[in-house]
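Source file: input_26.txt; contents: compact mmCIF, C-alpha atoms.
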```txt
# COMPACT_ATOMS: atom_id res chain seq x y z
CA MET U 639 -4.68 15.02 9.21
CA ALA U 640 -2.25 16.21 11.90
CA MET U 641 0.63 14.06 10.68
CA TYR U 642 0.46 15.70 7.22
CA LYS U 643 -0.10 19.26 8.46
CA ARG U 644 3.01 21.45 8.14
CA ALA U 645 5.20 18.35 7.85
CA ARG U 646 8.92 19.01 7.46
CA THR U 647 11.66 16.65 6.38
CA ALA U 648 15.34 16.47 5.45
CA VAL U 649 17.48 14.43 3.06
CA ARG U 650 20.14 12.24 4.62
CA THR U 651 23.42 11.99 2.69
CA LYS U 652 26.56 9.99 3.37
CA ASP U 653 28.17 12.63 5.58
CA VAL U 654 25.56 15.14 6.73
CA ASN U 655 21.85 15.89 6.54
CA SER U 656 20.38 18.63 4.40
CA GLY U 657 18.39 21.51 5.78
CA GLU U 658 14.74 20.95 6.61
CA PHE U 659 12.04 21.85 4.14
CA GLU U 660 8.26 21.65 4.13
CA GLU U 661 6.43 18.77 2.40
CA LYS U 662 3.46 19.94 0.37
CA VAL U 663 2.72 16.88 -1.80
CA GLY U 664 3.09 13.12 -1.44
CA VAL U 665 2.73 10.70 1.46
CA HIS U 666 5.11 9.67 4.22
CA GLN U 667 7.51 6.90 3.22
CA GLY U 668 6.97 3.81 5.38
CA SER U 669 3.75 4.98 6.99
CA VAL U 670 0.98 2.37 7.31
CA LEU U 671 -1.54 4.99 6.17
CA SER U 672 0.34 5.88 2.98
CA PRO U 673 -0.94 2.96 0.84
CA LEU U 674 -4.53 3.55 2.01
CA LEU U 675 -4.35 7.26 1.24
CA PHE U 676 -2.78 6.62 -2.16
CA VAL U 677 -5.44 4.09 -3.14
CA ALA U 678 -8.22 6.44 -2.00
CA VAL U 679 -6.85 9.26 -4.14
CA MET U 680 -6.32 7.02 -7.18
CA GLU U 681 -9.87 5.71 -6.90
CA VAL U 682 -11.21 9.25 -7.23
CA LEU U 683 -8.82 10.28 -10.01
CA ALA U 684 -9.51 7.23 -12.17
CA GLN U 685 -13.29 6.97 -11.77
CA ASN U 686 -13.91 8.60 -15.18
CA VAL U 687 -11.63 6.25 -17.14
CA LYS U 688 -12.01 2.94 -15.29
CA GLU U 689 -13.87 0.16 -17.09
CA GLY U 690 -13.64 -2.38 -14.30
CA LEU U 691 -12.10 -5.76 -13.76
CA PRO U 692 -10.60 -7.77 -15.36
CA TRP U 693 -9.72 -5.28 -18.13
CA GLU U 694 -7.78 -3.14 -15.68
CA LEU U 695 -5.65 -4.31 -12.78
CA LEU U 696 -4.55 -1.53 -10.43
CA TYR U 697 -2.17 -2.45 -7.63
CA ALA U 698 -0.98 0.72 -5.85
CA ASP U 699 0.81 2.65 -8.62
CA ASP U 700 1.18 -0.39 -10.92
CA LEU U 701 -1.44 -0.48 -13.68
CA VAL U 702 -2.19 -3.26 -16.17
CA LEU U 703 -4.42 -2.47 -19.14
CA ILE U 704 -5.90 -5.34 -21.15
CA ALA U 705 -7.45 -4.97 -24.60
CA GLU U 706 -8.42 -7.29 -27.45
CA SER U 707 -6.58 -5.25 -30.12
CA MET U 708 -3.68 -2.83 -30.42
CA ASP U 709 -6.05 -0.01 -31.38
CA GLY U 710 -8.12 -0.64 -28.27
CA LEU U 711 -5.00 -0.68 -26.12
CA LYS U 712 -3.81 2.59 -27.66
CA GLU U 713 -7.16 4.24 -26.92
CA LYS U 714 -7.13 3.04 -23.31
CA MET U 715 -3.55 4.10 -22.73
CA ASN U 716 -4.14 7.60 -24.10
CA LYS U 717 -7.22 8.00 -21.89
CA TRP U 718 -5.33 7.01 -18.73
CA LYS U 719 -2.33 9.12 -19.69
CA ALA U 720 -4.44 12.22 -20.32
CA CYS U 721 -6.43 11.69 -17.12
CA MET U 722 -3.34 11.38 -14.94
CA GLU U 723 -1.58 14.34 -16.54
CA THR U 724 -4.55 16.65 -15.97
CA LYS U 725 -4.31 15.86 -12.24
CA GLY U 726 -0.58 16.58 -12.05
CA LEU U 727 0.59 12.96 -12.27
CA LYS U 728 2.91 11.56 -14.92
CA VAL U 729 3.06 8.12 -16.55
CA ASN U 730 6.56 6.64 -16.59
CA ILE U 731 6.92 5.76 -20.27
CA GLY U 732 10.30 4.11 -19.74
CA LYS U 733 8.80 1.53 -17.36
CA THR U 734 5.63 0.97 -19.38
CA LYS U 735 5.79 -2.13 -21.60
CA VAL U 736 3.51 -3.84 -24.13
CA MET U 737 3.16 -7.62 -24.34
CA ALA U 738 1.11 -9.39 -27.01
CA SER U 739 -0.63 -12.56 -25.90
CA GLY U 740 -1.26 -15.50 -28.18
CA LYS U 741 0.34 -18.41 -29.93
CA ALA U 742 4.05 -17.96 -30.71
CA CYS U 743 4.10 -14.68 -28.77
CA GLY U 744 6.25 -15.90 -25.92
CA GLU U 745 9.96 -16.30 -25.42
CA VAL U 746 11.39 -19.69 -24.51
CA GLU U 747 13.92 -19.45 -21.72
CA ARG U 748 17.39 -20.90 -22.24
CA THR U 749 17.80 -23.85 -19.89
CA GLY U 750 20.56 -26.34 -19.29
CA LYS U 751 24.32 -25.95 -19.65
CA TRP U 752 24.14 -26.33 -23.44
CA PRO U 753 20.76 -24.95 -24.64
CA CYS U 754 19.46 -25.91 -28.06
CA ALA U 755 19.65 -23.10 -30.62
CA VAL U 756 16.09 -23.87 -31.80
CA CYS U 757 13.99 -24.93 -28.78
CA ARG U 758 16.30 -23.43 -26.10
CA LYS U 759 16.13 -26.59 -23.97
CA GLY U 760 19.24 -28.39 -22.78
CA VAL U 761 20.78 -30.84 -25.25
CA GLY U 762 22.20 -34.28 -24.55
CA VAL U 763 24.30 -36.77 -26.49
CA ASN U 764 22.07 -36.96 -29.57
CA SER U 765 22.79 -33.46 -30.90
CA ILE U 766 24.76 -31.63 -33.58
CA GLN U 767 26.64 -28.32 -33.57
CA CYS U 768 25.78 -25.51 -35.97
CA THR U 769 28.76 -24.32 -38.03
CA MET U 770 27.51 -20.70 -38.10
CA CYS U 771 26.37 -19.86 -34.55
CA THR U 772 28.38 -22.75 -32.96
CA GLU U 773 25.38 -23.66 -30.78
CA TRP U 774 24.18 -27.23 -30.29
CA VAL U 775 20.86 -28.49 -31.68
CA HIS U 776 18.73 -31.52 -30.86
CA GLN U 777 18.42 -34.03 -33.66
CA LYS U 778 14.63 -33.64 -33.58
CA CYS U 779 15.08 -29.85 -33.96
CA SER U 780 17.67 -30.16 -36.73
CA GLY U 781 15.33 -31.85 -39.20
CA LEU U 782 17.97 -34.48 -39.98
CA ARG U 783 17.45 -38.20 -40.16
CA GLY U 784 19.98 -40.94 -39.70
CA SER U 785 23.60 -40.42 -38.70
CA LEU U 786 24.62 -36.89 -37.66
CA THR U 787 28.36 -37.34 -38.18
CA SER U 788 28.08 -37.39 -41.97
CA VAL U 789 26.67 -33.83 -42.13
CA ALA U 790 28.33 -32.33 -39.06
CA ALA U 791 30.89 -30.34 -41.09
CA ALA U 792 28.25 -28.45 -43.11
CA PHE U 793 25.24 -28.30 -40.77
CA LYS U 794 23.39 -24.99 -40.28
CA CYS U 795 20.50 -24.70 -37.84
CA LYS U 796 17.07 -23.30 -38.70
CA VAL U 797 17.71 -20.10 -36.78
CA CYS U 798 20.76 -19.28 -38.92
CA THR U 799 19.14 -20.25 -42.23
CA GLU U 800 15.56 -19.04 -41.74
CA GLY U 801 16.07 -16.45 -39.01
CA ALA U 802 14.46 -16.31 -35.60
CA ALA U 803 10.69 -15.83 -35.60
CA ASP U 804 9.35 -12.61 -34.18
CA GLY U 805 7.81 -13.63 -30.88
CA GLY U 806 5.20 -10.89 -30.81
CA ASN U 807 7.71 -8.23 -29.77
CA VAL U 808 5.64 -5.28 -31.00
CA GLU U 809 5.75 -1.64 -29.94
CA LEU U 810 2.80 0.70 -29.46
CA ASP U 811 2.87 4.20 -30.95
CA LEU U 812 0.81 6.61 -28.81
CA GLY U 813 1.46 9.58 -31.06
CA ASP U 814 3.50 12.76 -30.53
CA GLY U 815 6.67 10.68 -30.70
CA VAL U 816 5.74 8.55 -27.65
CA LYS U 817 6.32 4.82 -28.18
CA LEU U 818 5.98 1.94 -25.75
CA GLU U 819 8.49 -0.88 -25.93
CA GLY U 820 7.23 -4.38 -26.68
CA VAL U 821 8.45 -7.32 -24.60
CA LYS U 822 7.98 -11.09 -24.72
CA THR U 823 8.07 -11.66 -20.96
CA PHE U 824 7.19 -9.33 -18.10
CA CYS U 825 7.63 -9.53 -14.34
CA TYR U 826 4.49 -8.37 -12.51
CA LEU U 827 4.22 -8.54 -8.72
CA GLY U 828 7.08 -11.02 -8.54
CA ASP U 829 5.68 -13.51 -11.07
CA VAL U 830 6.97 -13.73 -14.66
CA LEU U 831 4.30 -13.63 -17.38
CA ASN U 832 4.85 -15.07 -20.85
CA GLY U 833 3.03 -13.87 -23.94
CA GLU U 834 2.43 -17.41 -25.16
CA GLY U 835 0.98 -18.48 -21.84
CA GLY U 836 2.13 -21.39 -19.75
CA SER U 837 4.54 -21.40 -16.83
CA ASP U 838 7.90 -21.98 -18.47
CA SER U 839 9.27 -18.50 -17.79
CA ALA U 840 7.80 -18.49 -14.27
CA THR U 841 9.40 -21.81 -13.29
CA VAL U 842 12.79 -20.80 -14.71
CA ALA U 843 12.67 -17.50 -12.81
CA GLY U 844 11.62 -19.33 -9.64
CA VAL U 845 14.54 -21.73 -9.91
CA ARG U 846 17.01 -18.88 -10.38
CA CYS U 847 15.64 -17.00 -7.38
CA ALA U 848 15.80 -20.18 -5.26
CA TRP U 849 19.47 -20.70 -6.15
CA LYS U 850 20.21 -17.11 -5.20
CA LYS U 851 18.43 -17.41 -1.86
CA PHE U 852 20.11 -20.77 -1.16
CA ARG U 853 23.55 -19.24 -1.66
CA GLU U 854 22.67 -16.45 0.76
CA LEU U 855 21.70 -19.01 3.43
CA SER U 856 24.34 -21.63 2.56
CA GLY U 857 26.33 -20.81 5.69
CA MET U 858 23.52 -22.22 7.81
CA LEU U 859 21.97 -24.76 5.43
CA MET U 860 25.30 -26.46 4.64
CA ARG U 861 26.66 -26.48 8.20
CA ARG U 862 27.09 -29.97 9.63
CA GLY U 863 26.20 -29.14 13.23
CA VAL U 864 22.68 -27.94 12.38
CA SER U 865 19.89 -30.54 12.62
CA LEU U 866 18.21 -31.63 9.41
CA LYS U 867 14.77 -30.80 10.81
CA LEU U 868 15.82 -27.19 11.39
CA LYS U 869 17.36 -27.04 7.93
CA GLY U 870 14.12 -28.34 6.48
CA LYS U 871 12.06 -25.62 8.19
CA VAL U 872 14.40 -22.85 7.03
CA TYR U 873 14.59 -24.31 3.52
CA ALA U 874 10.81 -24.60 3.16
CA ALA U 875 10.21 -21.09 4.51
CA CYS U 876 13.02 -19.18 2.80
CA VAL U 877 14.14 -21.10 -0.30
CA ARG U 878 11.34 -23.31 -1.54
CA SER U 879 8.73 -20.61 -0.96
CA VAL U 880 10.73 -18.39 -3.33
CA MET U 881 10.93 -21.15 -5.95
CA ILE U 882 7.17 -21.77 -6.04
CA TYR U 883 6.03 -18.18 -5.47
CA GLY U 884 2.90 -17.58 -7.55
CA SER U 885 2.46 -21.31 -8.26
CA GLU U 886 -1.24 -21.05 -7.38
CA THR U 887 -1.86 -19.89 -10.94
CA TRP U 888 0.71 -22.04 -12.78
CA VAL U 889 -0.33 -24.61 -15.36
CA MET U 890 2.71 -26.87 -15.49
CA ASN U 891 3.52 -29.64 -17.91
CA LEU U 892 5.66 -32.66 -17.09
CA GLU U 893 8.90 -30.96 -18.11
CA GLN U 894 8.33 -27.98 -15.82
CA GLN U 895 7.44 -30.27 -12.91
CA ARG U 896 10.66 -32.22 -13.41
CA ARG U 897 12.60 -28.96 -13.47
CA LEU U 898 11.34 -28.06 -10.00
CA GLU U 899 11.83 -31.58 -8.67
CA ARG U 900 15.37 -31.80 -10.04
CA VAL U 901 16.50 -28.54 -8.44
CA ASP U 902 14.65 -29.24 -5.21
CA MET U 903 16.27 -32.65 -4.69
CA ARG U 904 19.70 -31.36 -5.63
CA LEU U 905 19.47 -28.78 -2.87
CA VAL U 906 18.09 -31.36 -0.43
CA ARG U 907 21.00 -33.72 -1.06
CA TRP U 908 23.48 -30.91 -0.55
CA MET U 909 21.92 -29.99 2.79
CA CYS U 910 21.88 -33.64 3.89
CA GLY U 911 25.46 -34.19 2.73
CA VAL U 912 24.37 -37.31 0.83
CA SER U 913 25.65 -38.30 -2.61
CA LEU U 914 23.97 -40.57 -5.15
CA ARG U 915 26.44 -43.33 -4.35
CA GLU U 916 24.92 -43.80 -0.90
CA ARG U 917 21.71 -45.10 -2.51
CA LYS U 918 19.28 -43.14 -0.34
CA THR U 919 15.94 -42.41 -1.95
CA ASN U 920 14.40 -38.99 -2.26
CA ASP U 921 11.57 -39.95 0.08
CA GLU U 922 14.05 -40.93 2.79
CA LEU U 923 15.90 -37.62 2.53
CA ARG U 924 12.70 -35.56 2.59
CA LYS U 925 11.51 -37.52 5.63
CA MET U 926 14.80 -36.81 7.39
CA MET U 927 14.30 -33.07 6.80
CA GLY U 928 10.56 -33.11 7.48
CA ILE U 929 9.49 -31.59 4.16
CA GLU U 930 7.02 -32.67 1.49
CA PRO U 931 7.72 -33.10 -2.25
CA VAL U 932 7.82 -29.78 -4.07
CA ILE U 933 5.04 -30.79 -6.48
CA ASP U 934 2.79 -31.64 -3.52
CA ALA U 935 3.46 -28.17 -2.16
CA VAL U 936 2.45 -26.65 -5.50
CA LYS U 937 -0.76 -28.69 -5.60
CA ARG U 938 -1.58 -27.73 -2.03
CA ASN U 939 -1.14 -24.04 -2.82
CA ARG U 940 -3.29 -24.39 -5.92
CA LEU U 941 -6.13 -26.14 -4.07
CA ARG U 942 -5.97 -23.65 -1.22
CA TRP U 943 -6.31 -20.76 -3.67
CA PHE U 944 -9.13 -22.52 -5.54
CA GLY U 945 -11.05 -23.01 -2.30
CA HIS U 946 -10.62 -19.32 -1.55
CA VAL U 947 -12.09 -18.46 -4.97
CA LEU U 948 -15.03 -20.86 -4.56
CA ARG U 949 -15.99 -19.23 -1.28
CA LYS U 950 -16.44 -15.91 -3.04
CA ASP U 951 -19.82 -14.74 -4.28
CA GLU U 952 -20.85 -16.09 -7.70
CA SER U 953 -21.06 -12.54 -9.04
CA ASP U 954 -17.44 -11.85 -8.12
CA TRP U 955 -15.31 -11.04 -11.18
CA LEU U 956 -12.66 -13.61 -10.22
CA ARG U 957 -15.15 -16.48 -10.41
CA ARG U 958 -16.53 -15.15 -13.69
CA VAL U 959 -13.06 -14.95 -15.23
CA MET U 960 -12.27 -18.49 -14.07
CA GLU U 961 -15.26 -19.83 -16.00
CA MET U 962 -14.67 -17.62 -19.04
CA ASN U 963 -14.19 -19.33 -22.43
CA ALA U 964 -11.82 -17.77 -24.94
CA GLU U 965 -13.44 -16.89 -28.25
CA GLY U 966 -12.05 -17.95 -31.62
CA SER U 967 -11.41 -21.16 -33.53
CA ARG U 968 -9.36 -23.94 -31.98
CA GLY U 969 -6.23 -25.17 -33.73
CA TRP U 970 -5.29 -28.70 -34.68
CA GLY U 971 -4.40 -31.26 -32.04
CA ARG U 972 -5.23 -31.55 -28.40
CA PRO U 973 -5.68 -28.15 -26.71
CA ARG U 974 -3.54 -27.14 -23.80
CA LYS U 975 -4.66 -28.23 -20.37
CA THR U 976 -6.20 -25.27 -18.60
CA TRP U 977 -5.70 -24.30 -14.98
CA LEU U 978 -9.28 -25.26 -14.16
CA LYS U 979 -8.89 -28.72 -15.70
CA MET U 980 -5.76 -29.32 -13.65
CA VAL U 981 -7.50 -28.33 -10.41
CA GLU U 982 -10.49 -30.53 -11.18
CA GLU U 983 -8.19 -33.53 -11.69
CA GLU U 984 -6.56 -32.90 -8.32
CA MET U 985 -9.99 -32.61 -6.70
CA ARG U 986 -11.10 -35.94 -8.16
CA ALA U 987 -7.91 -37.58 -6.93
CA ARG U 988 -8.73 -36.41 -3.38
CA GLY U 989 -12.47 -37.10 -3.58
CA LEU U 990 -13.44 -33.43 -3.35
CA THR U 991 -16.29 -31.48 -4.87
CA ARG U 992 -16.85 -27.75 -5.17
CA ARG U 993 -19.34 -27.82 -2.32
CA ASP U 994 -16.61 -29.10 0.01
CA ALA U 995 -14.86 -25.72 -0.23
CA GLU U 996 -17.45 -24.26 2.16
CA ASN U 997 -16.16 -26.67 4.82
CA ARG U 998 -12.74 -25.18 5.50
CA ALA U 999 -11.65 -27.97 7.86
CA LYS U 1000 -12.44 -30.71 5.32
CA TRP U 1001 -10.86 -28.75 2.49
CA ARG U 1002 -7.60 -28.27 4.41
CA LEU U 1003 -7.60 -31.86 5.58
CA SER U 1004 -7.85 -33.14 1.99
CA TRP U 1005 -4.27 -32.30 1.08
CA GLY U 1006 -2.88 -33.56 4.40
CA PRO U 1007 -0.48 -31.92 6.82
CA GLN U 1008 2.52 -30.07 5.45
CA GLY U 1009 5.82 -31.86 5.66
```
Show me the file's structure as structure tokens.
Amino acid sequence: MAMYKRARTAVRTKDVNSGEFEEKVGVHQGSVLSPLLFVAVMEVLAQNVKEGLPWELLYADDLVLIAESMDGLKEKMNKWKACMETKGLKVNIGKTKVMASGKACGEVERTGKWPCAVCRKGVGVNSIQCTMCTEWVHQKCSGLRGSLTSVAAAFKCKVCTEGAADGGNVELDLGDGVKLEGVKTFCYLGDVLNGEGGSDSATVAGVRCAWKKFRELSGMLMRRGVSLKLKGKVYAACVRSVMIYGSETWVMNLEQQRRLERVDMRLVRWMCGVSLRERKTNDELRKMMGIEPVIDAVKRNRLRWFGHVLRKDESDWLRRVMEMNAEGSRGWGRPRKTWLKMVEEEMRARGLTRRDAENRAKWRLSWGPQG
């Protein structure tokens, strides 16, 4: 191509620019053709080691390898590493992480002003302080019955006495002194994945990002002269969209839903300049700003994504993965609600069937207009 033939460039520093030099490898930074060229080259380089979806997810230069055992993962990683190195590419070992998936393999995020030392969730009045780590513990997590004041002077939490359980934080030895670090949570394409599954880490990360974005826009969102309708549009587009990014794939329990609702309404009341003493309901404030409840926005995104999946061919790997059943024995108690079960409940509540996804107008109309 002409744009890559005898291309020359320079490095810009704080004071001056360096001398020009010829580019012999790589693609132009910022060019619209660069991603396409990179993907085309990677497709050719990896054709001898690729097994196909969903065991490998390749997004530009980000690669996810999935295996059912550590030995299988080691074999895959060594194959990809050897293949890339023979073509002059290098795997960044420092950025490559390993995350085990399964029960008790995740990391519970610390939430609340005073997180519990055991469950990491915020404590209230009915709690006791550990004499060793000085952290507070729920009564239900302490294992105590009756009054807490009688044992407060000698109480030690389970973490201090039994030690914290290893949450699946394992490392992978590739040989020749190369080891991959094990992690409990991992951020991939903006969404936070947890080894134990669920959406606890994703919702906590979304809330933190929303607070950060709200502070950046507080000069406009907190200004009195700006109309509430305009604030609502900016909030929904710039703050709430950050908070529920990736929510199409979230399976949320009641606690995680309340976390989003609590933060969402706190920000709404700040923008409206209304305190709890004024006795205005959440619905009234949302109507004043022209926005919908945050949980309705999550459900709308989930149904929209599900309709997109249903319109794919039945042989598509995404549809096959959605219907896949995990092998192995089921534990005691009620199993966790799956993403598919949650979507089916929302469809029944709106009187939808899978066939309705082919009718885009009816499918969009089912969740109502936004705001």
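Distances from U:Gly835, U:Glu819, U:Phe659, U:Val906 to Ser856 (chain U) were compared using only C-alpha atoms, and the smallest one belongs to U:Val906.
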Practice prompt. Choose the residue, out of U:Lys1000, U:Arg940, U:Lys759, U:Lys925, that has the smallest atom-to-atom separation from Leu978 (chain U); count all atoms listed in the file.
Written response: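 Checking each candidate against Leu978 (chain U), we get U:Arg940 as the closest.
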Worksheet entry | Spatial neighbours of region 782-788 of chain U, max dist 12 Å, all atoms listed in the file, sep filter under 5 positions, as a PyMOL selection string | chain U and resi 763-768+775-777+793-796
Just C-alpha atoms for this one: save the residues we selected as a PDB file, keeping the file's coordinate frame.
```pdb
ATOM      1  CA  VAL U 763      24.300 -36.770 -26.490  1.00  0.00           C
ATOM      2  CA  ASN U 764      22.070 -36.960 -29.570  1.00  0.00           C
ATOM      3  CA  SER U 765      22.790 -33.460 -30.900  1.00  0.00           C
ATOM      4  CA  ILE U 766      24.760 -31.630 -33.580  1.00  0.00           C
ATOM      5  CA  GLN U 767      26.640 -28.320 -33.570  1.00  0.00           C
ATOM      6  CA  CYS U 768      25.780 -25.510 -35.970  1.00  0.00           C
ATOM      7  CA  VAL U 775      20.860 -28.490 -31.680  1.00  0.00           C
ATOM      8  CA  HIS U 776      18.730 -31.520 -30.860  1.00  0.00           C
ATOM      9  CA  GLN U 777      18.420 -34.030 -33.660  1.00  0.00           C
ATOM     10  CA  PHE U 793      25.240 -28.300 -40.770  1.00  0.00           C
ATOM     11  CA  LYS U 794      23.390 -24.990 -40.280  1.00  0.00           C
ATOM     12  CA  CYS U 795      20.500 -24.700 -37.840  1.00  0.00           C
ATOM     13  CA  LYS U 796      17.070 -23.300 -38.700  1.00  0.00           C
TER      14      LYS U 796
END
```
Item to complete: For each of U:Ala645, U:Leu727, U:Val797, U:Met980, take the minimum atom-to-atom distance to Lys937 (chain U), counting only C-alpha atoms, then give the residue where this is smallest.
Response: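 Residue with the minimum atom-to-atom distance to Lys937 (chain U): U:Met980.
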Worksheet item: Could you work out how far CA of Pro692 (chain U) lies from CA of Leu810 (chain U), giving the answer in Å with one decimal?
Response: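 Rounded to one decimal, the two atoms are 21.2 Å apart.
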Fill in: Between CA of Ser739 (chain U) and CA of Asn832 (chain U) - distance in Å to one decimal
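Separation between CA of Asn832 (chain U) and CA of Ser739 (chain U): 7.9 Å.
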Worksheet item: Could you name the residues that touch Leu701 (chain U) at 12 Å or less, counting only C-alpha atoms, but leaving out those on the same chain fewer than 2 positions away, as a ChimeraX atom specification?
Response: /U:680,684,688,691-699,703-704,714-715,718-719,729-730,733-735,826-827
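Taking CA of Thr823 (chain U) and CA of Ile933 (chain U) as endpoints, the distance between them is 24.2 Å.
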If I put a ball of radius 12 Å at (18.0, -25.8, -5.2) in the file's coordinates, which residues poke into it when counting only C-alpha atoms, written as a compact mmCIF listing (two decimals) with C-alpha atoms, in the frame of the given file?
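Listed below is the output, point.txt:
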```
# COMPACT_ATOMS: atom_id res chain seq x y z
CA VAL U 842 12.79 -20.80 -14.71
CA GLY U 844 11.62 -19.33 -9.64
CA VAL U 845 14.54 -21.73 -9.91
CA ARG U 846 17.01 -18.88 -10.38
CA CYS U 847 15.64 -17.00 -7.38
CA ALA U 848 15.80 -20.18 -5.26
CA TRP U 849 19.47 -20.70 -6.15
CA LYS U 850 20.21 -17.11 -5.20
CA LYS U 851 18.43 -17.41 -1.86
CA PHE U 852 20.11 -20.77 -1.16
CA ARG U 853 23.55 -19.24 -1.66
CA LEU U 855 21.70 -19.01 3.43
CA SER U 856 24.34 -21.63 2.56
CA LEU U 859 21.97 -24.76 5.43
CA TYR U 873 14.59 -24.31 3.52
CA ALA U 874 10.81 -24.60 3.16
CA CYS U 876 13.02 -19.18 2.80
CA VAL U 877 14.14 -21.10 -0.30
CA ARG U 878 11.34 -23.31 -1.54
CA SER U 879 8.73 -20.61 -0.96
CA VAL U 880 10.73 -18.39 -3.33
CA MET U 881 10.93 -21.15 -5.95
CA ILE U 882 7.17 -21.77 -6.04
CA ARG U 897 12.60 -28.96 -13.47
CA LEU U 898 11.34 -28.06 -10.00
CA GLU U 899 11.83 -31.58 -8.67
CA ARG U 900 15.37 -31.80 -10.04
CA VAL U 901 16.50 -28.54 -8.44
CA ASP U 902 14.65 -29.24 -5.21
CA MET U 903 16.27 -32.65 -4.69
CA ARG U 904 19.70 -31.36 -5.63
CA LEU U 905 19.47 -28.78 -2.87
CA VAL U 906 18.09 -31.36 -0.43
CA ARG U 907 21.00 -33.72 -1.06
CA TRP U 908 23.48 -30.91 -0.55
CA MET U 909 21.92 -29.99 2.79
CA VAL U 932 7.82 -29.78 -4.07
```
Worksheet item: Hey, can you pull every residue with an atom no more than 12 Å from (-14.8, 10.9, -23.1), using all atoms listed in the file, and send it as a list in words?
Response: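 The answer, in the requested form, is Asn686, Val687, Lys688, Glu713, Lys714, Asn716, Lys717, Trp718, Ala720 and Cys721 of chain U.
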Practice prompt. Find the residue from U:Arg646, U:Lys725, U:Met960, U:Thr841 that sits nearest to Arg896 (chain U); use all atoms listed in the file when measuring.
Written response: U:Thr841
